[in-house]
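Source file: entry33.cif. Holds: mmCIF, C-alpha atoms and all ligand atoms.
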```
data_coords
#
loop_
_atom_site.label_atom_id
_atom_site.label_comp_id
_atom_site.auth_asym_id
_atom_site.auth_seq_id
_atom_site.Cartn_x
_atom_site.Cartn_y
_atom_site.Cartn_z
CA MET I 1 -13.53 13.81 31.38
CA SER I 2 -14.18 11.19 34.05
CA ASP I 3 -12.08 8.01 34.42
CA THR I 4 -14.81 5.86 33.00
CA GLU I 5 -15.17 7.92 29.84
CA ILE I 6 -13.08 6.75 26.91
CA PRO I 7 -13.08 8.94 23.80
CA ILE I 8 -13.92 7.12 20.57
CA TRP I 9 -11.11 8.81 18.64
CA ALA I 10 -8.48 10.91 20.42
CA GLN I 11 -6.04 12.43 17.97
CA GLU I 12 -2.43 12.77 19.17
CA LYS I 13 -0.36 14.04 16.25
CA ILE I 14 -0.34 14.41 12.50
CA ILE I 15 2.32 12.12 11.01
CA HIS I 16 1.84 12.77 7.31
CA GLU I 17 0.26 15.60 5.39
CA GLY I 18 0.11 14.37 1.81
CA ALA I 19 -1.32 15.98 -1.30
CA GLU I 20 -4.60 14.14 -0.78
CA ALA I 21 -4.72 12.78 2.73
CA THR I 22 -3.90 13.71 6.31
CA VAL I 23 -2.67 10.77 8.37
CA SER I 24 -2.57 11.05 12.15
CA GLU I 25 -1.81 8.91 15.16
CA GLY I 26 -4.13 8.62 18.11
CA LYS I 27 -6.22 6.29 20.21
CA TRP I 28 -9.32 4.43 19.11
CA PHE I 29 -11.23 3.43 22.24
CA GLY I 30 -7.91 3.72 24.05
CA LYS I 31 -5.99 1.57 21.55
CA SER I 32 -3.16 2.95 19.34
CA ALA I 33 -4.54 3.64 15.89
CA ILE I 34 -4.09 5.61 12.69
CA SER I 35 -6.65 7.95 11.13
CA LYS I 36 -6.57 8.80 7.45
CA VAL I 37 -8.74 11.63 6.20
CA ARG I 38 -8.89 12.12 2.49
CA ARG I 39 -9.25 15.72 1.38
CA LYS I 40 -11.14 17.00 -1.61
CA ARG I 41 -8.60 18.03 -4.19
CA GLY I 42 -10.36 21.26 -5.01
CA TYR I 43 -9.76 21.44 -8.71
CA ARG I 44 -12.58 19.31 -10.01
CA TYR I 45 -16.26 20.08 -9.98
CA PRO I 46 -17.04 20.11 -6.21
CA GLU I 47 -19.78 17.48 -6.40
CA LEU I 48 -17.72 15.10 -8.51
CA ASP I 49 -14.73 15.81 -6.29
CA LEU I 50 -16.62 14.82 -3.15
CA LYS I 51 -17.98 11.71 -4.84
CA LEU I 52 -14.51 10.56 -5.93
CA THR I 53 -13.01 11.24 -2.51
CA LYS I 54 -15.76 9.19 -0.84
CA LYS I 55 -15.34 6.43 -3.41
CA ARG I 56 -11.60 6.15 -2.82
CA ILE I 57 -11.84 6.07 0.97
CA SER I 58 -14.56 3.41 0.93
CA ALA I 59 -12.61 1.38 -1.65
CA GLU I 60 -9.61 1.54 0.66
CA ALA I 61 -11.68 0.39 3.65
CA ARG I 62 -13.28 -2.43 1.65
CA ILE I 63 -9.90 -3.69 0.46
CA LEU I 64 -8.35 -3.59 3.94
CA TYR I 65 -11.32 -5.60 5.21
CA ARG I 66 -10.96 -8.20 2.45
CA LEU I 67 -7.21 -8.51 2.83
CA ARG I 68 -7.31 -8.99 6.59
CA LYS I 69 -9.82 -11.80 6.09
CA GLU I 70 -7.13 -13.46 3.93
CA SER I 71 -4.51 -12.87 6.67
CA PHE I 72 -2.63 -10.46 4.44
CA PRO I 73 -0.14 -8.29 6.36
CA CYS I 74 -1.82 -4.87 6.31
CA PRO I 75 -3.70 -2.71 8.85
CA SER I 76 -7.09 -3.89 10.08
CA ILE I 77 -9.94 -1.51 9.56
CA TYR I 78 -11.68 -0.17 12.68
CA TYR I 79 -13.99 2.50 11.31
CA LEU I 80 -15.15 4.15 8.09
CA ASN I 81 -16.94 7.50 7.84
CA THR I 82 -17.78 8.41 4.25
CA ASN I 83 -19.21 11.79 5.33
CA ASN I 84 -15.83 13.19 6.27
CA SER I 85 -13.84 10.62 4.20
CA GLN I 86 -12.09 9.13 7.21
CA ILE I 87 -10.85 5.65 8.01
CA ILE I 88 -9.42 4.52 11.31
CA MET I 89 -7.17 1.48 11.23
CA SER I 90 -4.69 -0.39 13.37
CA LYS I 91 -1.25 1.12 13.76
CA ILE I 92 1.58 -0.96 12.39
CA LEU I 93 4.82 -0.71 14.35
CA ALA I 94 7.07 -0.48 11.33
CA THR I 95 8.96 2.08 9.23
CA PRO I 96 8.51 2.88 5.54
CA LEU I 97 10.92 0.71 3.53
CA TYR I 98 11.94 3.86 1.67
CA GLU I 99 13.89 4.96 4.75
CA LYS I 100 15.46 1.54 5.46
CA LEU I 101 16.17 -0.23 2.19
CA ASN I 102 19.42 1.57 1.35
CA THR I 103 20.92 0.78 4.75
CA LEU I 104 19.93 -2.89 5.09
CA GLN I 105 22.63 -5.55 5.49
CA SER I 106 21.11 -7.86 2.89
CA PRO I 107 18.64 -5.98 0.68
CA LYS I 108 18.44 -8.99 -1.68
CA LEU I 109 16.64 -11.07 0.92
CA ILE I 110 14.16 -8.27 1.56
CA LEU I 111 13.60 -7.80 -2.17
CA GLU I 112 12.72 -11.47 -2.53
CA LYS I 113 10.30 -11.08 0.40
CA ILE I 114 8.73 -8.08 -1.36
CA GLY I 115 8.24 -10.19 -4.49
CA LYS I 116 6.46 -12.84 -2.39
CA LEU I 117 4.31 -10.20 -0.71
CA VAL I 118 3.25 -8.65 -4.03
CA ARG I 119 2.34 -12.11 -5.35
CA LYS I 120 0.34 -12.78 -2.19
CA LEU I 121 -1.60 -9.56 -2.80
CA HIS I 122 -2.23 -10.49 -6.43
CA LEU I 123 -3.38 -13.97 -5.36
CA CYS I 124 -6.02 -12.22 -3.22
CA ASP I 125 -7.21 -10.84 -6.60
CA ILE I 126 -6.19 -7.29 -5.74
CA SER I 127 -3.77 -4.87 -7.39
CA HIS I 128 -2.17 -2.09 -5.37
CA GLY I 129 -2.02 0.83 -7.80
CA ASP I 130 0.77 2.78 -6.05
CA LEU I 131 3.40 0.22 -5.16
CA THR I 132 6.33 2.33 -3.95
CA THR I 133 8.70 1.78 -1.02
CA HIS I 134 6.72 4.45 0.88
CA ASN I 135 3.76 2.09 0.95
CA ILE I 136 5.62 -0.97 2.22
CA LEU I 137 6.54 -0.92 5.91
CA ILE I 138 9.31 -2.97 7.55
CA SER I 139 9.26 -3.96 11.23
CA PRO I 140 12.37 -4.17 13.44
CA LYS I 141 12.26 -7.96 12.87
CA GLU I 142 12.13 -7.30 9.12
CA LYS I 143 8.54 -8.37 8.62
CA LEU I 144 6.88 -6.55 5.72
CA PHE I 145 3.44 -4.89 5.61
CA MET I 146 1.57 -3.10 2.86
CA ILE I 147 -0.48 0.09 3.29
CA ASP I 148 -2.26 2.76 1.21
CA PHE I 149 -4.85 0.94 -0.91
CA GLY I 150 -6.64 4.05 -2.22
CA LEU I 151 -5.80 3.18 -5.84
CA SER I 152 -6.26 -0.57 -5.54
CA LYS I 153 -8.53 -2.66 -7.70
CA ILE I 154 -10.56 -5.77 -6.96
CA SER I 155 -10.42 -8.34 -9.79
CA PRO I 156 -7.73 -6.42 -11.69
CA GLU I 157 -6.68 -7.13 -15.26
CA VAL I 158 -3.29 -8.72 -15.83
CA GLU I 159 -2.20 -5.24 -17.04
CA HIS I 160 -2.79 -3.80 -13.54
CA LEU I 161 -0.73 -6.59 -12.00
CA GLY I 162 2.10 -5.93 -14.46
CA LEU I 163 1.83 -2.22 -13.70
CA ASP I 164 2.32 -2.85 -9.97
CA LEU I 165 5.70 -4.40 -10.81
CA GLN I 166 6.52 -1.57 -13.21
CA VAL I 167 5.77 1.13 -10.58
CA LEU I 168 7.91 -0.77 -8.06
CA SER I 169 10.71 -1.13 -10.58
CA GLU I 170 10.69 2.61 -11.34
CA CYS I 171 10.69 3.45 -7.64
CA LEU I 172 13.68 1.16 -7.02
CA THR I 173 15.62 2.73 -9.89
CA ALA I 174 14.82 6.27 -8.78
CA SER I 175 15.21 5.97 -5.00
CA HIS I 176 17.40 2.92 -4.38
CA ALA I 177 19.95 3.12 -7.17
CA ASN I 178 22.67 1.58 -4.98
CA ILE I 179 21.00 -1.85 -5.26
CA GLU I 180 22.02 -3.70 -8.41
CA ASN I 181 19.32 -5.40 -10.50
CA PRO I 182 16.65 -5.28 -7.78
CA MET I 183 13.93 -6.70 -10.05
CA GLU I 184 15.82 -10.02 -10.35
CA GLU I 185 15.19 -10.69 -6.66
CA ILE I 186 11.64 -9.33 -6.76
CA ILE I 187 10.78 -11.61 -9.69
CA ARG I 188 12.42 -14.61 -7.98
CA GLY I 189 10.15 -14.04 -4.97
CA TYR I 190 7.11 -13.32 -7.12
CA ILE I 191 7.25 -16.56 -9.08
CA SER I 192 8.30 -18.73 -6.13
CA ASN I 193 4.90 -18.46 -4.47
CA ASP I 194 2.76 -20.34 -6.96
CA ASP I 195 2.02 -21.12 -10.53
CA VAL I 196 -1.74 -21.50 -10.67
CA PRO I 197 -3.18 -22.28 -14.10
CA SER I 198 -4.89 -18.98 -14.86
CA SER I 199 -4.35 -16.05 -17.19
CA LYS I 200 -3.12 -14.14 -14.15
CA ASN I 201 -0.47 -16.71 -13.18
CA ALA I 202 2.92 -15.45 -12.05
CA ASN I 203 4.71 -16.08 -15.35
CA ASN I 204 2.05 -14.24 -17.34
CA VAL I 205 2.27 -11.25 -15.00
CA ILE I 206 6.07 -11.18 -15.34
CA SER I 207 5.77 -11.31 -19.15
CA ARG I 208 3.30 -8.42 -19.03
CA PHE I 209 5.62 -6.45 -16.76
CA LYS I 210 8.48 -6.91 -19.26
CA GLU I 211 6.18 -5.86 -22.08
CA ILE I 212 5.14 -2.70 -20.20
CA LYS I 213 8.78 -1.95 -19.44
CA SER I 214 9.76 -2.10 -23.11
CA ARG I 215 6.67 -0.09 -24.09
CA VAL I 216 7.70 2.65 -21.62
CA ARG I 217 11.30 2.55 -22.87
CA TYR I 218 10.20 2.76 -26.50
CA HIS I 219 7.67 5.56 -26.06
CA GLY I 220 9.73 7.41 -23.42
N1 LIG Q 301 -1.67 1.76 9.56
C1 LIG Q 301 -0.52 2.44 9.61
N2 LIG Q 301 0.41 2.13 10.53
C2 LIG Q 301 1.57 2.82 10.64
N3 LIG Q 301 1.90 3.86 9.84
C3 LIG Q 301 1.01 4.23 8.89
C4 LIG Q 301 -0.24 3.54 8.72
N4 LIG Q 301 -0.92 4.13 7.71
C5 LIG Q 301 -0.14 5.13 7.27
N5 LIG Q 301 1.03 5.21 7.97
C6 LIG Q 301 2.11 6.19 7.78
O1 LIG Q 301 1.60 7.35 7.14
C7 LIG Q 301 2.18 7.54 5.85
C8 LIG Q 301 1.12 8.01 4.85
O2 LIG Q 301 0.06 7.07 4.75
P1 LIG Q 301 -0.56 6.63 3.35
O3 LIG Q 301 0.52 6.07 2.50
O4 LIG Q 301 -1.74 5.76 3.62
O5 LIG Q 301 -1.06 8.04 2.82
P2 LIG Q 301 -0.77 8.83 1.45
O6 LIG Q 301 0.46 8.35 0.79
O7 LIG Q 301 -0.89 10.29 1.70
O8 LIG Q 301 -2.01 8.36 0.71
P3 LIG Q 301 -2.41 8.57 -0.80
O9 LIG Q 301 -1.18 8.27 -1.63
O10 LIG Q 301 -3.49 7.55 -0.94
O11 LIG Q 301 -2.84 10.00 -0.90
C9 LIG Q 301 2.79 6.19 5.49
O12 LIG Q 301 3.88 6.30 4.60
C10 LIG Q 301 3.20 5.65 6.85
O13 LIG Q 301 4.44 6.18 7.25
MG MG Q 302 1.36 6.41 0.66
#
```
Can you dump the structure from the file as structure tokens?
Ligand SMILES: Nc1ncnc2c1ncn2[C@@H]1O[C@H](COP(=O)(O)OP(=O)(O)OP(=O)(O)O)[C@@H](O)[C@H]1O
Ligand SMILES: [Mg+2]
Amino acid sequence: MSDTEIPIWAQEKIIHEGAEATVSEGKWFGKSAISKVRRKRGYRYPELDLKLTKKRISAEARILYRLRKESFPCPSIYYLNTNNSQIIMSKILATPLYEKLNTLQSPKLILEKIGKLVRKLHLCDISHGDLTTHNILISPKEKLFMIDFGLSKISPEVEHLGLDLQVLSECLTASHANIENPMEEIIRGYISNDDVPSSKNANNVISRFKEIKSRVRYHG
């Protein structure tokens, strides 16, 4: 390759091989970037499988595009290829919260920040769909980012918003059991951001979350 030639996408290394997606680091026109290629799952009808895979990757790209327009802290989208179910996005210099949360000096402060971040997402009229500490990244200066919007919804129902909090709550109980009552801080952050008069206002979402929680407890 000559000096003047810059490859469009130059893959460097695979950083995550999940059940459904391969995530790798590389350079996009010479700039550090992340590629995510969604695989077909192989157990559905092949045509339906391909359709669903394409649908999820384009939904993810669409949501990243929308969120960045709202200055939401998430990757910016560089490229979408529905033929091979690939997106290329900016690389965030941060670590999954899953690895950091148990060792932080003051997890309470971070939990309140998470609550604010989740409310910010919901105020963009988007639900996440898989809100675990693997999908929230924390930078060395403790700034938070959200990733992995493959199960997100635009214009979600209040139930989806409540479910985001429920998934987060279950993740905190399962993986961060050393933190006492984490949802207290999350809720404090969540309701501090606003109280717009709508059916999806913060207090209604919190009530729905509590309802879902008791439903889950009751039905096991
Ligand atoms: N834009 C990014 N910047 C930095 N790291 C990233 C970025 N996107 C993904 N990663 C890293 O790769 C990991 C996997 O990415 P992601 O969560 O999007 O895939 P996944 O969990 O396999 O997706 P899915 O659950 O939709 O199948 C993340 O936990 C994170 O460590
Ligand atoms: Mg993920």
Rank I:Ser175, I:Leu109, I:Leu104, I:Leu161 by their smallest atom-to-atom distance to Thr133 in chain I, using all atoms listed in the file, and report the top residue only. I:Ser175
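Taking all atoms listed in the file into account, every polymer residue with at least one atom at most 7 Å away from ligand LIG 301 (chain Q) is listed here: Ile15, His16, Glu17, Gly18, Ala19, Glu20, Ala21, Thr22, Val23, Ile34, Lys36, Pro75, Met89, Ser90, Lys91, Ile92, Leu93, Ala94, Thr95, Pro96, His134, Asn135, Ile147, Asp148, Phe149, Gly150 and Leu151 of chain I.
Across the model, the gap from CA of Glu112 in chain I to CA of Arg208 in chain I is 19.2 Å.
Here the question is which of I:His176, I:Lys200, I:Lys116, I:Arg217 gets nearest to Pro73 in chain I using all atoms listed in the file, and that residue is I:Lys116.
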Judged by all atoms listed in the file, the minimum distance to ligand MG 302 (chain Q) among I:Glu25, I:Asp125, I:Asp130, I:Glu70 is found for I:Asp130
Once N, CA and C atoms are restored for range 100-127 of chain I, what would the output be as a PDB file, in the frame of the given file?
```
ATOM      1  N   LYS I 100      14.587   2.610   4.954  1.00  0.00           N
ATOM      2  CA  LYS I 100      15.460   1.540   5.460  1.00  0.00           C
ATOM      3  C   LYS I 100      16.226   0.796   4.375  1.00  0.00           C
ATOM      4  N   LEU I 101      15.638   0.697   3.198  1.00  0.00           N
ATOM      5  CA  LEU I 101      16.170  -0.230   2.190  1.00  0.00           C
ATOM      6  C   LEU I 101      17.640   0.018   1.847  1.00  0.00           C
ATOM      7  N   ASN I 102      18.036   1.283   1.748  1.00  0.00           N
ATOM      8  CA  ASN I 102      19.420   1.570   1.350  1.00  0.00           C
ATOM      9  C   ASN I 102      20.450   1.251   2.427  1.00  0.00           C
ATOM     10  N   THR I 103      19.970   1.027   3.658  1.00  0.00           N
ATOM     11  CA  THR I 103      20.920   0.780   4.750  1.00  0.00           C
ATOM     12  C   THR I 103      20.892  -0.672   5.234  1.00  0.00           C
ATOM     13  N   LEU I 104      20.057  -1.502   4.621  1.00  0.00           N
ATOM     14  CA  LEU I 104      19.930  -2.890   5.090  1.00  0.00           C
ATOM     15  C   LEU I 104      21.171  -3.701   4.773  1.00  0.00           C
ATOM     16  N   GLN I 105      21.479  -4.650   5.676  1.00  0.00           N
ATOM     17  CA  GLN I 105      22.630  -5.550   5.490  1.00  0.00           C
ATOM     18  C   GLN I 105      22.483  -6.376   4.208  1.00  0.00           C
ATOM     19  N   SER I 106      21.305  -7.027   4.078  1.00  0.00           N
ATOM     20  CA  SER I 106      21.110  -7.860   2.890  1.00  0.00           C
ATOM     21  C   SER I 106      19.818  -7.472   2.180  1.00  0.00           C
ATOM     22  N   PRO I 107      19.870  -6.421   1.354  1.00  0.00           N
ATOM     23  CA  PRO I 107      18.640  -5.980   0.680  1.00  0.00           C
ATOM     24  C   PRO I 107      18.066  -7.054  -0.233  1.00  0.00           C
ATOM     25  N   LYS I 108      18.922  -7.962  -0.730  1.00  0.00           N
ATOM     26  CA  LYS I 108      18.440  -8.990  -1.680  1.00  0.00           C
ATOM     27  C   LYS I 108      17.375  -9.866  -1.055  1.00  0.00           C
ATOM     28  N   LEU I 109      17.595 -10.214   0.213  1.00  0.00           N
ATOM     29  CA  LEU I 109      16.640 -11.070   0.920  1.00  0.00           C
ATOM     30  C   LEU I 109      15.302 -10.362   1.064  1.00  0.00           C
ATOM     31  N   ILE I 110      15.382  -9.074   1.381  1.00  0.00           N
ATOM     32  CA  ILE I 110      14.160  -8.270   1.560  1.00  0.00           C
ATOM     33  C   ILE I 110      13.444  -8.127   0.212  1.00  0.00           C
ATOM     34  N   LEU I 111      14.229  -7.948  -0.853  1.00  0.00           N
ATOM     35  CA  LEU I 111      13.600  -7.800  -2.170  1.00  0.00           C
ATOM     36  C   LEU I 111      12.837  -9.059  -2.550  1.00  0.00           C
ATOM     37  N   GLU I 112      13.419 -10.215  -2.234  1.00  0.00           N
ATOM     38  CA  GLU I 112      12.720 -11.470  -2.530  1.00  0.00           C
ATOM     39  C   GLU I 112      11.426 -11.559  -1.710  1.00  0.00           C
ATOM     40  N   LYS I 113      11.506 -11.101  -0.460  1.00  0.00           N
ATOM     41  CA  LYS I 113      10.300 -11.080   0.400  1.00  0.00           C
ATOM     42  C   LYS I 113       9.244 -10.148  -0.190  1.00  0.00           C
ATOM     43  N   ILE I 114       9.692  -9.015  -0.752  1.00  0.00           N
ATOM     44  CA  ILE I 114       8.730  -8.080  -1.360  1.00  0.00           C
ATOM     45  C   ILE I 114       8.036  -8.762  -2.528  1.00  0.00           C
ATOM     46  N   GLY I 115       8.815  -9.467  -3.348  1.00  0.00           N
ATOM     47  CA  GLY I 115       8.240 -10.190  -4.490  1.00  0.00           C
ATOM     48  C   GLY I 115       7.151 -11.157  -4.031  1.00  0.00           C
ATOM     49  N   LYS I 116       7.443 -11.876  -2.930  1.00  0.00           N
ATOM     50  CA  LYS I 116       6.460 -12.840  -2.390  1.00  0.00           C
ATOM     51  C   LYS I 116       5.218 -12.115  -1.902  1.00  0.00           C
ATOM     52  N   LEU I 117       5.434 -10.967  -1.259  1.00  0.00           N
ATOM     53  CA  LEU I 117       4.310 -10.200  -0.710  1.00  0.00           C
ATOM     54  C   LEU I 117       3.411  -9.667  -1.833  1.00  0.00           C
ATOM     55  N   VAL I 118       4.038  -9.179  -2.907  1.00  0.00           N
ATOM     56  CA  VAL I 118       3.250  -8.650  -4.030  1.00  0.00           C
ATOM     57  C   VAL I 118       2.446  -9.784  -4.655  1.00  0.00           C
ATOM     58  N   ARG I 119       3.083 -10.965  -4.785  1.00  0.00           N
ATOM     59  CA  ARG I 119       2.340 -12.110  -5.350  1.00  0.00           C
ATOM     60  C   ARG I 119       1.167 -12.501  -4.449  1.00  0.00           C
ATOM     61  N   LYS I 120       1.401 -12.437  -3.148  1.00  0.00           N
ATOM     62  CA  LYS I 120       0.340 -12.780  -2.190  1.00  0.00           C
ATOM     63  C   LYS I 120      -0.849 -11.829  -2.378  1.00  0.00           C
ATOM     64  N   LEU I 121      -0.534 -10.548  -2.572  1.00  0.00           N
ATOM     65  CA  LEU I 121      -1.600  -9.560  -2.800  1.00  0.00           C
ATOM     66  C   LEU I 121      -2.353  -9.905  -4.078  1.00  0.00           C
ATOM     67  N   HIS I 122      -1.605 -10.186  -5.136  1.00  0.00           N
ATOM     68  CA  HIS I 122      -2.230 -10.490  -6.430  1.00  0.00           C
ATOM     69  C   HIS I 122      -3.053 -11.783  -6.354  1.00  0.00           C
ATOM     70  N   LEU I 123      -2.600 -12.725  -5.527  1.00  0.00           N
ATOM     71  CA  LEU I 123      -3.380 -13.970  -5.360  1.00  0.00           C
ATOM     72  C   LEU I 123      -4.682 -13.728  -4.600  1.00  0.00           C
ATOM     73  N   CYS I 124      -4.745 -12.611  -3.867  1.00  0.00           N
ATOM     74  CA  CYS I 124      -6.020 -12.220  -3.220  1.00  0.00           C
ATOM     75  C   CYS I 124      -6.922 -11.537  -4.241  1.00  0.00           C
ATOM     76  N   ASP I 125      -6.485 -11.463  -5.490  1.00  0.00           N
ATOM     77  CA  ASP I 125      -7.210 -10.840  -6.600  1.00  0.00           C
ATOM     78  C   ASP I 125      -7.336  -9.319  -6.404  1.00  0.00           C
ATOM     79  N   ILE I 126      -6.235  -8.740  -5.962  1.00  0.00           N
ATOM     80  CA  ILE I 126      -6.190  -7.290  -5.740  1.00  0.00           C
ATOM     81  C   ILE I 126      -4.880  -6.731  -6.294  1.00  0.00           C
ATOM     82  N   SER I 127      -4.987  -5.573  -6.977  1.00  0.00           N
ATOM     83  CA  SER I 127      -3.770  -4.870  -7.390  1.00  0.00           C
ATOM     84  C   SER I 127      -3.613  -3.671  -6.474  1.00  0.00           C
TER      85      SER I 127
END
```
